[in-house]
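Some notes on the structure that comes next.
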Amino acid sequence: MKLYGTGYSPYVRKVLVALAEKGQAVEHIPLFFHAEDAAFQAASPLGKIPAFDDDGFLLADSSAILTYLEAKVPSPALYPSEAKARGRAIWFDKYGDTEMFDAIIAPFANRVVKPKMLGQPGDEGAVAKALNEDLPKIYDYLEGQIDGPYLVGDAFSVADISVATGFHNLHLAGEAVDAGRWPKLAGYVSATLARPSFVTALAARTSPN
Ligand SMILES: N[C@@H](CCC(=O)N[C@@H](CS)C(=O)NCC(=O)O)C(=O)O
């Protein structure tokens, strides 16, 4: 198996965590989106990361790749089988990928990617809006959803992968959940990112060089 995409990407991290959970070895190629690499471009029609190659089977999109991995390597399950739990797990996968992404990535994009990787000025106004307006609404919602170590049922699932992944980028940008205001969320994020599969994923290479 080959996985394309820098370890900085929350979406690439989702796949790295799932592979670690399922004990699958992977050749990680930590290139950036829209990289001029023919094999990557063949696997990623939109030029986005992650993209994946399993012995010639090409697939893009983190959720598509996780769905494929779940069918190929069912144990340990990352998608609950019970109907309501399955529905909620998919909801959180989508929520993490869409509603959370722009807000949680804004500090990293403006304090790390733009100034340190692209040589562009970061926008602290965008960071302030994310921290003061957008993220608190997300944190309020998640604080109300957390009732134990896992977001859905009594097992780690795709819900935890997709919701937790972006918090690492928040930390890399020097920010964290205020544990005084959102104690359950802060504890949940710390515990989830300390899980062995996340620790493995967080150590993944971020650059081809
Ligand atoms: N829905 C996709 C989103 C992937 C995505 O947007 N990745 C970002 C990097 S974190 C990217 O490649 N951005 C380039 C672009 O949007 O053109 C997934 O889950 O894999």
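By order in the structure tokens, chains are A, B, ...; within a chain, residues start at 1; ligands start at 1, following the order shown.
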Residues at most 9 Å from ligand 1, using only C-alpha atoms and all ligand atoms? Could they come as a PDB file with N, CA, C and O atoms, in the first residue's frame?
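What landed in part-v2.pdb:
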ATOM      1  N   GLY A   5       0.719  12.032   0.510  1.00  0.00           N
ATOM      2  CA  GLY A   5       0.263  13.236   1.199  1.00  0.00           C
ATOM      3  C   GLY A   5       1.036  13.518   2.466  1.00  0.00           C
ATOM      4  O   GLY A   5       1.315  12.608   3.266  1.00  0.00           O
ATOM      5  N   THR A   6       1.404  14.782   2.638  1.00  0.00           N
ATOM      6  CA  THR A   6       2.155  15.198   3.823  1.00  0.00           C
ATOM      7  C   THR A   6       1.442  14.829   5.119  1.00  0.00           C
ATOM      8  O   THR A   6       0.212  14.941   5.219  1.00  0.00           O
ATOM      9  N   TYR A   8       1.280  16.548   7.555  1.00  0.00           N
ATOM     10  CA  TYR A   8       0.626  17.741   8.112  1.00  0.00           C
ATOM     11  C   TYR A   8      -0.877  17.754   7.846  1.00  0.00           C
ATOM     12  O   TYR A   8      -1.624  18.449   8.524  1.00  0.00           O
ATOM     13  N   SER A   9      -1.300  17.020   6.822  1.00  0.00           N
ATOM     14  CA  SER A   9      -2.713  17.086   6.430  1.00  0.00           C
ATOM     15  C   SER A   9      -3.600  16.304   7.398  1.00  0.00           C
ATOM     16  O   SER A   9      -3.377  15.111   7.629  1.00  0.00           O
ATOM     17  N   PRO A  10      -4.646  16.937   7.933  1.00  0.00           N
ATOM     18  CA  PRO A  10      -5.573  16.196   8.794  1.00  0.00           C
ATOM     19  C   PRO A  10      -6.218  15.028   8.072  1.00  0.00           C
ATOM     20  O   PRO A  10      -6.529  14.008   8.696  1.00  0.00           O
ATOM     21  N   TYR A  11      -6.437  15.170   6.775  1.00  0.00           N
ATOM     22  CA  TYR A  11      -7.083  14.096   6.008  1.00  0.00           C
ATOM     23  C   TYR A  11      -6.120  12.921   5.791  1.00  0.00           C
ATOM     24  O   TYR A  11      -6.521  11.761   5.873  1.00  0.00           O
ATOM     25  N   VAL A  12      -4.872  13.228   5.502  1.00  0.00           N
ATOM     26  CA  VAL A  12      -3.871  12.158   5.379  1.00  0.00           C
ATOM     27  C   VAL A  12      -3.738  11.441   6.724  1.00  0.00           C
ATOM     28  O   VAL A  12      -3.640  10.206   6.793  1.00  0.00           O
ATOM     29  N   LYS A  14      -5.953  10.931   8.937  1.00  0.00           N
ATOM     30  CA  LYS A  14      -7.062   9.982   9.125  1.00  0.00           C
ATOM     31  C   LYS A  14      -6.668   8.606   8.594  1.00  0.00           C
ATOM     32  O   LYS A  14      -6.911   7.590   9.240  1.00  0.00           O
ATOM     33  N   PHE A  32       3.060  17.253  -1.262  1.00  0.00           N
ATOM     34  CA  PHE A  32       2.014  18.248  -1.042  1.00  0.00           C
ATOM     35  C   PHE A  32       0.952  18.148  -2.132  1.00  0.00           C
ATOM     36  O   PHE A  32       1.197  17.588  -3.209  1.00  0.00           O
ATOM     37  N   PHE A  33      -0.215  18.708  -1.841  1.00  0.00           N
ATOM     38  CA  PHE A  33      -1.291  18.649  -2.835  1.00  0.00           C
ATOM     39  C   PHE A  33      -0.852  19.318  -4.137  1.00  0.00           C
ATOM     40  O   PHE A  33      -0.030  20.216  -4.148  1.00  0.00           O
ATOM     41  N   HIS A  34      -1.400  18.818  -5.230  1.00  0.00           N
ATOM     42  CA  HIS A  34      -1.092  19.272  -6.597  1.00  0.00           C
ATOM     43  C   HIS A  34       0.376  19.060  -6.966  1.00  0.00           C
ATOM     44  O   HIS A  34       0.892  19.738  -7.847  1.00  0.00           O
ATOM     45  N   LEU A  46      -8.356  15.059  -8.400  1.00  0.00           N
ATOM     46  CA  LEU A  46      -8.486  16.482  -8.067  1.00  0.00           C
ATOM     47  C   LEU A  46      -7.172  17.081  -7.585  1.00  0.00           C
ATOM     48  O   LEU A  46      -7.116  18.263  -7.242  1.00  0.00           O
ATOM     49  N   GLY A  47      -6.130  16.274  -7.493  1.00  0.00           N
ATOM     50  CA  GLY A  47      -4.845  16.774  -7.010  1.00  0.00           C
ATOM     51  C   GLY A  47      -4.805  16.969  -5.508  1.00  0.00           C
ATOM     52  O   GLY A  47      -3.848  17.528  -4.967  1.00  0.00           O
ATOM     53  N   LYS A  48      -5.846  16.508  -4.810  1.00  0.00           N
ATOM     54  CA  LYS A  48      -5.894  16.673  -3.352  1.00  0.00           C
ATOM     55  C   LYS A  48      -5.213  15.497  -2.663  1.00  0.00           C
ATOM     56  O   LYS A  48      -5.057  14.421  -3.252  1.00  0.00           O
ATOM     57  N   ILE A  49      -4.852  15.706  -1.411  1.00  0.00           N
ATOM     58  CA  ILE A  49      -4.309  14.638  -0.588  1.00  0.00           C
ATOM     59  C   ILE A  49      -5.301  14.350   0.530  1.00  0.00           C
ATOM     60  O   ILE A  49      -5.980  15.276   0.999  1.00  0.00           O
ATOM     61  N   PRO A  50      -5.423  13.050   0.917  1.00  0.00           N
ATOM     62  CA  PRO A  50      -4.625  11.905   0.530  1.00  0.00           C
ATOM     63  C   PRO A  50      -5.065  11.277  -0.794  1.00  0.00           C
ATOM     64  O   PRO A  50      -6.185  11.464  -1.247  1.00  0.00           O
ATOM     65  N   ALA A  51      -4.105  10.490  -1.341  1.00  0.00           N
ATOM     66  CA  ALA A  51      -4.411   9.554  -2.415  1.00  0.00           C
ATOM     67  C   ALA A  51      -3.712   8.252  -2.061  1.00  0.00           C
ATOM     68  O   ALA A  51      -2.736   8.239  -1.298  1.00  0.00           O
ATOM     69  N   ALA A  60      -8.797   8.137  -4.086  1.00  0.00           N
ATOM     70  CA  ALA A  60      -8.585   9.409  -3.391  1.00  0.00           C
ATOM     71  C   ALA A  60      -9.731   9.630  -2.417  1.00  0.00           C
ATOM     72  O   ALA A  60     -10.757   8.946  -2.493  1.00  0.00           O
ATOM     73  N   ASP A  61      -9.526  10.565  -1.519  1.00  0.00           N
ATOM     74  CA  ASP A  61     -10.503  10.990  -0.510  1.00  0.00           C
ATOM     75  C   ASP A  61     -10.381  10.120   0.748  1.00  0.00           C
ATOM     76  O   ASP A  61     -10.525   8.895   0.692  1.00  0.00           O
ATOM     77  N   SER A  62     -10.154  10.793   1.874  1.00  0.00           N
ATOM     78  CA  SER A  62      -9.908  10.067   3.119  1.00  0.00           C
ATOM     79  C   SER A  62     -11.068   9.147   3.492  1.00  0.00           C
ATOM     80  O   SER A  62     -10.854   8.006   3.914  1.00  0.00           O
ATOM     81  N   SER A  63     -12.291   9.616   3.326  1.00  0.00           N
ATOM     82  CA  SER A  63     -13.434   8.780   3.730  1.00  0.00           C
ATOM     83  C   SER A  63     -13.588   7.575   2.806  1.00  0.00           C
ATOM     84  O   SER A  63     -13.942   6.479   3.254  1.00  0.00           O
ATOM     85  N   ALA A  64     -13.320   7.786   1.524  1.00  0.00           N
ATOM     86  CA  ALA A  64     -13.373   6.651   0.592  1.00  0.00           C
ATOM     87  C   ALA A  64     -12.290   5.632   0.948  1.00  0.00           C
ATOM     88  O   ALA A  64     -12.540   4.416   0.952  1.00  0.00           O
ATOM     89  N   ILE A  65     -11.113   6.126   1.281  1.00  0.00           N
ATOM     90  CA  ILE A  65     -10.010   5.207   1.606  1.00  0.00           C
ATOM     91  C   ILE A  65     -10.313   4.444   2.902  1.00  0.00           C
ATOM     92  O   ILE A  65     -10.087   3.235   2.997  1.00  0.00           O
ATOM     93  N   LYS A  94     -18.230  13.231   8.622  1.00  0.00           N
ATOM     94  CA  LYS A  94     -18.562  14.353   7.732  1.00  0.00           C
ATOM     95  C   LYS A  94     -18.390  15.686   8.452  1.00  0.00           C
ATOM     96  O   LYS A  94     -17.881  16.657   7.875  1.00  0.00           O
ATOM     97  N   ASP A  97     -14.716  16.511   8.637  1.00  0.00           N
ATOM     98  CA  ASP A  97     -14.150  16.820   7.316  1.00  0.00           C
ATOM     99  C   ASP A  97     -14.640  18.149   6.762  1.00  0.00           C
ATOM    100  O   ASP A  97     -13.925  18.789   5.984  1.00  0.00           O
ATOM    101  N   THR A  98     -15.857  18.539   7.102  1.00  0.00           N
ATOM    102  CA  THR A  98     -16.444  19.714   6.455  1.00  0.00           C
ATOM    103  C   THR A  98     -16.608  20.871   7.439  1.00  0.00           C
ATOM    104  O   THR A  98     -15.898  21.861   7.363  1.00  0.00           O
ATOM    105  N   PHE A 101     -13.335  21.701   9.503  1.00  0.00           N
ATOM    106  CA  PHE A 101     -12.027  21.829   8.863  1.00  0.00           C
ATOM    107  C   PHE A 101     -11.564  23.277   8.700  1.00  0.00           C
ATOM    108  O   PHE A 101     -10.457  23.631   9.120  1.00  0.00           O
ATOM    109  N   ILE A 105      -8.287  24.551  10.876  1.00  0.00           N
ATOM    110  CA  ILE A 105      -7.045  24.643  10.113  1.00  0.00           C
ATOM    111  C   ILE A 105      -6.574  26.095   9.992  1.00  0.00           C
ATOM    112  O   ILE A 105      -5.397  26.341   9.653  1.00  0.00           O
TER     113      ILE A 105
END
Near Gly96 in chain A, within 10 Å and counting only C-alpha atoms, which residues show up once chain neighbours fewer than 2 positions away are dropped, as a ChimeraX atom specification? /A:10-11,90-94,98-102,104,138,159-166
Could you save the residues just selected, with N, CA, C and O atoms, as a short mmCIF file (atom, residue, chain, number, x, y, z; two decimals), in the first residue's frame?
data_model
loop_
_atom_site.label_atom_id
_atom_site.label_comp_id
_atom_site.auth_asym_id
_atom_site.auth_seq_id
_atom_site.Cartn_x
_atom_site.Cartn_y
_atom_site.Cartn_z
N PRO A 10 -4.65 16.94 7.93
CA PRO A 10 -5.57 16.20 8.79
C PRO A 10 -6.22 15.03 8.07
O PRO A 10 -6.53 14.01 8.70
N TYR A 11 -6.44 15.17 6.77
CA TYR A 11 -7.08 14.10 6.01
C TYR A 11 -6.12 12.92 5.79
O TYR A 11 -6.52 11.76 5.87
N ILE A 90 -20.79 8.18 10.86
CA ILE A 90 -20.68 8.83 9.55
C ILE A 90 -20.93 10.33 9.70
O ILE A 90 -20.27 11.16 9.06
N TRP A 91 -21.88 10.68 10.55
CA TRP A 91 -22.13 12.11 10.81
C TRP A 91 -20.86 12.80 11.30
O TRP A 91 -20.46 13.85 10.80
N PHE A 92 -20.20 12.19 12.27
CA PHE A 92 -19.00 12.85 12.82
C PHE A 92 -17.86 12.86 11.81
O PHE A 92 -17.05 13.79 11.79
N ASP A 93 -17.79 11.83 10.98
CA ASP A 93 -16.76 11.84 9.92
C ASP A 93 -17.00 13.05 9.01
O ASP A 93 -16.08 13.82 8.70
N LYS A 94 -18.23 13.23 8.62
CA LYS A 94 -18.56 14.35 7.73
C LYS A 94 -18.39 15.69 8.45
O LYS A 94 -17.88 16.66 7.87
N THR A 98 -15.86 18.54 7.10
CA THR A 98 -16.44 19.71 6.45
C THR A 98 -16.61 20.87 7.44
O THR A 98 -15.90 21.86 7.36
N GLU A 99 -17.51 20.75 8.39
CA GLU A 99 -17.83 21.87 9.27
C GLU A 99 -16.64 22.31 10.12
O GLU A 99 -16.42 23.49 10.37
N MET A 100 -15.86 21.33 10.60
CA MET A 100 -14.74 21.70 11.48
C MET A 100 -13.52 22.19 10.72
O MET A 100 -12.73 22.97 11.25
N PHE A 101 -13.33 21.70 9.50
CA PHE A 101 -12.03 21.83 8.86
C PHE A 101 -11.56 23.28 8.70
O PHE A 101 -10.46 23.63 9.12
N ASP A 102 -12.38 24.12 8.09
CA ASP A 102 -11.93 25.49 7.81
C ASP A 102 -11.54 26.22 9.09
O ASP A 102 -10.58 26.99 9.11
N ILE A 104 -10.67 24.87 12.14
CA ILE A 104 -9.57 24.31 12.93
C ILE A 104 -8.24 24.41 12.20
O ILE A 104 -7.18 24.42 12.83
N ILE A 138 -18.16 25.19 17.61
CA ILE A 138 -17.84 23.76 17.41
C ILE A 138 -17.53 23.11 18.76
O ILE A 138 -18.01 22.01 19.06
N ALA A 159 -15.44 8.19 13.82
CA ALA A 159 -15.88 9.46 14.41
C ALA A 159 -14.73 10.11 15.18
O ALA A 159 -14.47 11.31 15.03
N ASP A 160 -14.05 9.33 15.98
CA ASP A 160 -12.94 9.87 16.78
C ASP A 160 -11.78 10.28 15.87
O ASP A 160 -11.13 11.31 16.11
N ILE A 161 -11.52 9.51 14.84
CA ILE A 161 -10.42 9.83 13.93
C ILE A 161 -10.68 11.19 13.29
O ILE A 161 -9.80 12.07 13.28
N SER A 162 -11.88 11.37 12.77
CA SER A 162 -12.15 12.57 11.97
C SER A 162 -12.32 13.83 12.81
O SER A 162 -11.98 14.92 12.37
N VAL A 163 -12.84 13.67 14.01
CA VAL A 163 -13.00 14.85 14.86
C VAL A 163 -11.67 15.23 15.50
O VAL A 163 -11.34 16.42 15.61
N ALA A 164 -10.87 14.26 15.90
CA ALA A 164 -9.63 14.58 16.63
C ALA A 164 -8.50 15.06 15.72
O ALA A 164 -7.64 15.83 16.15
N THR A 165 -8.49 14.62 14.47
CA THR A 165 -7.30 14.83 13.64
C THR A 165 -6.87 16.28 13.52
O THR A 165 -5.68 16.61 13.61
N GLY A 166 -7.80 17.19 13.36
CA GLY A 166 -7.44 18.60 13.16
C GLY A 166 -6.86 19.27 14.38
O GLY A 166 -6.19 20.32 14.26
#
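For the pair CA of Ala43 in chain A and CA of Tyr79 in chain A, the interatomic distance is 24.4 Å.
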Contacts of Asp147 in chain A at 12 Å (only C-alpha atoms; same-chain gap of 3+ positions) as a PyMOL selection string: chain A and resi 142-144+150-154+183-185+187-188
Prev. selection, N, CA, C and O atoms, output as a compact mmCIF listing (two decimals), in the first residue's frame:
# COMPACT_ATOMS: atom_id res chain seq x y z
N LEU A 142 -19.38 19.91 20.55
CA LEU A 142 -18.66 18.67 20.90
C LEU A 142 -18.70 18.42 22.41
O LEU A 142 -18.83 17.27 22.85
N GLU A 143 -18.60 19.48 23.18
CA GLU A 143 -18.65 19.32 24.65
C GLU A 143 -19.95 18.62 25.06
O GLU A 143 -19.96 17.79 25.96
N GLY A 144 -21.03 18.93 24.35
CA GLY A 144 -22.32 18.33 24.64
C GLY A 144 -22.46 16.91 24.12
O GLY A 144 -23.39 16.19 24.50
N TYR A 150 -15.12 7.70 23.94
CA TYR A 150 -15.34 7.66 22.50
C TYR A 150 -16.59 8.45 22.13
O TYR A 150 -17.55 8.50 22.90
N LEU A 151 -16.58 9.03 20.95
CA LEU A 151 -17.73 9.85 20.54
C LEU A 151 -18.96 9.00 20.30
O LEU A 151 -20.09 9.45 20.53
N VAL A 152 -18.77 7.79 19.80
CA VAL A 152 -19.90 6.93 19.46
C VAL A 152 -19.73 5.58 20.15
O VAL A 152 -18.74 4.87 19.92
N GLY A 153 -20.70 5.22 20.99
CA GLY A 153 -20.70 3.91 21.62
C GLY A 153 -19.50 3.69 22.51
O GLY A 153 -18.96 4.62 23.10
N ASP A 154 -19.08 2.43 22.58
CA ASP A 154 -18.03 2.07 23.52
C ASP A 154 -16.74 1.65 22.82
O ASP A 154 -15.96 0.87 23.36
N PRO A 183 -14.04 21.38 29.42
CA PRO A 183 -13.22 20.34 30.06
C PRO A 183 -13.34 18.96 29.42
O PRO A 183 -12.34 18.25 29.30
N LYS A 184 -14.54 18.59 29.04
CA LYS A 184 -14.69 17.24 28.45
C LYS A 184 -13.98 17.17 27.10
O LYS A 184 -13.29 16.19 26.80
N LEU A 185 -14.12 18.21 26.31
CA LEU A 185 -13.47 18.21 24.99
C LEU A 185 -11.95 18.22 25.13
O LEU A 185 -11.25 17.47 24.43
N GLY A 187 -10.10 17.07 27.55
CA GLY A 187 -9.64 15.75 27.98
C GLY A 187 -9.75 14.72 26.87
O GLY A 187 -8.86 13.88 26.69
N TYR A 188 -10.84 14.82 26.12
CA TYR A 188 -11.06 13.88 25.01
C TYR A 188 -9.97 14.04 23.95
O TYR A 188 -9.42 13.05 23.45
Among range 54-181 of chain A, which ones does DSSP place in strand (DSSP E), written as a PDB file with C-alpha atoms, in the first residue's frame?
ATOM      1  CA  ASP A  54      -3.144  -0.614  -3.097  1.00  0.00           C
ATOM      2  CA  PHE A  57      -6.008   0.032  -7.070  1.00  0.00           C
ATOM      3  CA  LEU A  58      -6.096   3.832  -6.920  1.00  0.00           C
ATOM      4  CA  LEU A  59      -8.346   5.829  -4.637  1.00  0.00           C
ATOM      5  CA  ALA A  60      -8.585   9.409  -3.391  1.00  0.00           C
TER       6      ALA A  60
END
State, in Å with one decimal place, the distance from CA of Ala77 in chain A to CA of Thr206 in chain A. 27.5 Å
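Nearest to Val26 in chain A of all the residues A:Ala38, A:Met1, A:Ser44, A:Arg88 is A:Met1, based on only C-alpha atoms.
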Residues near Glu27 in chain A, cut-off 9 Å, only C-alpha atoms, skip fewer than 5 positions along chain, as JSON, numbers by chain: {"A": [1, 2, 3, 4]}
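The spacing separating CA of Ala103 in chain A from CA of Arg86 in chain A amounts to 25.6 Å.
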Going by DSSP on the backbone, which residues of range 70-188 of chain A come out as alpha helix (DSSP H)? List them as a VMD selection string. chain A and resid 70 to 72 83 to 97 101 to 108 124 to 129 135 to 145 158 to 172 183 to 188
Range 193-205 of chain A: which residues within 7 Å, counting only C-alpha atoms, same-chain residues fewer than 5 positions away excluded, as a PyMOL selection string? chain A and resi 6-7+13+16-17+20-21+30
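Nearest residue to Ala71 in chain A among A:Lys22, A:His28, A:Lys129, A:Lys116 is A:Lys22, counting only C-alpha atoms.
Considering only C-alpha atoms, the residue among A:Thr192, A:Ser157, A:Gln41, A:Ser207 positioned nearest to Met117 in chain A is A:Ser207.
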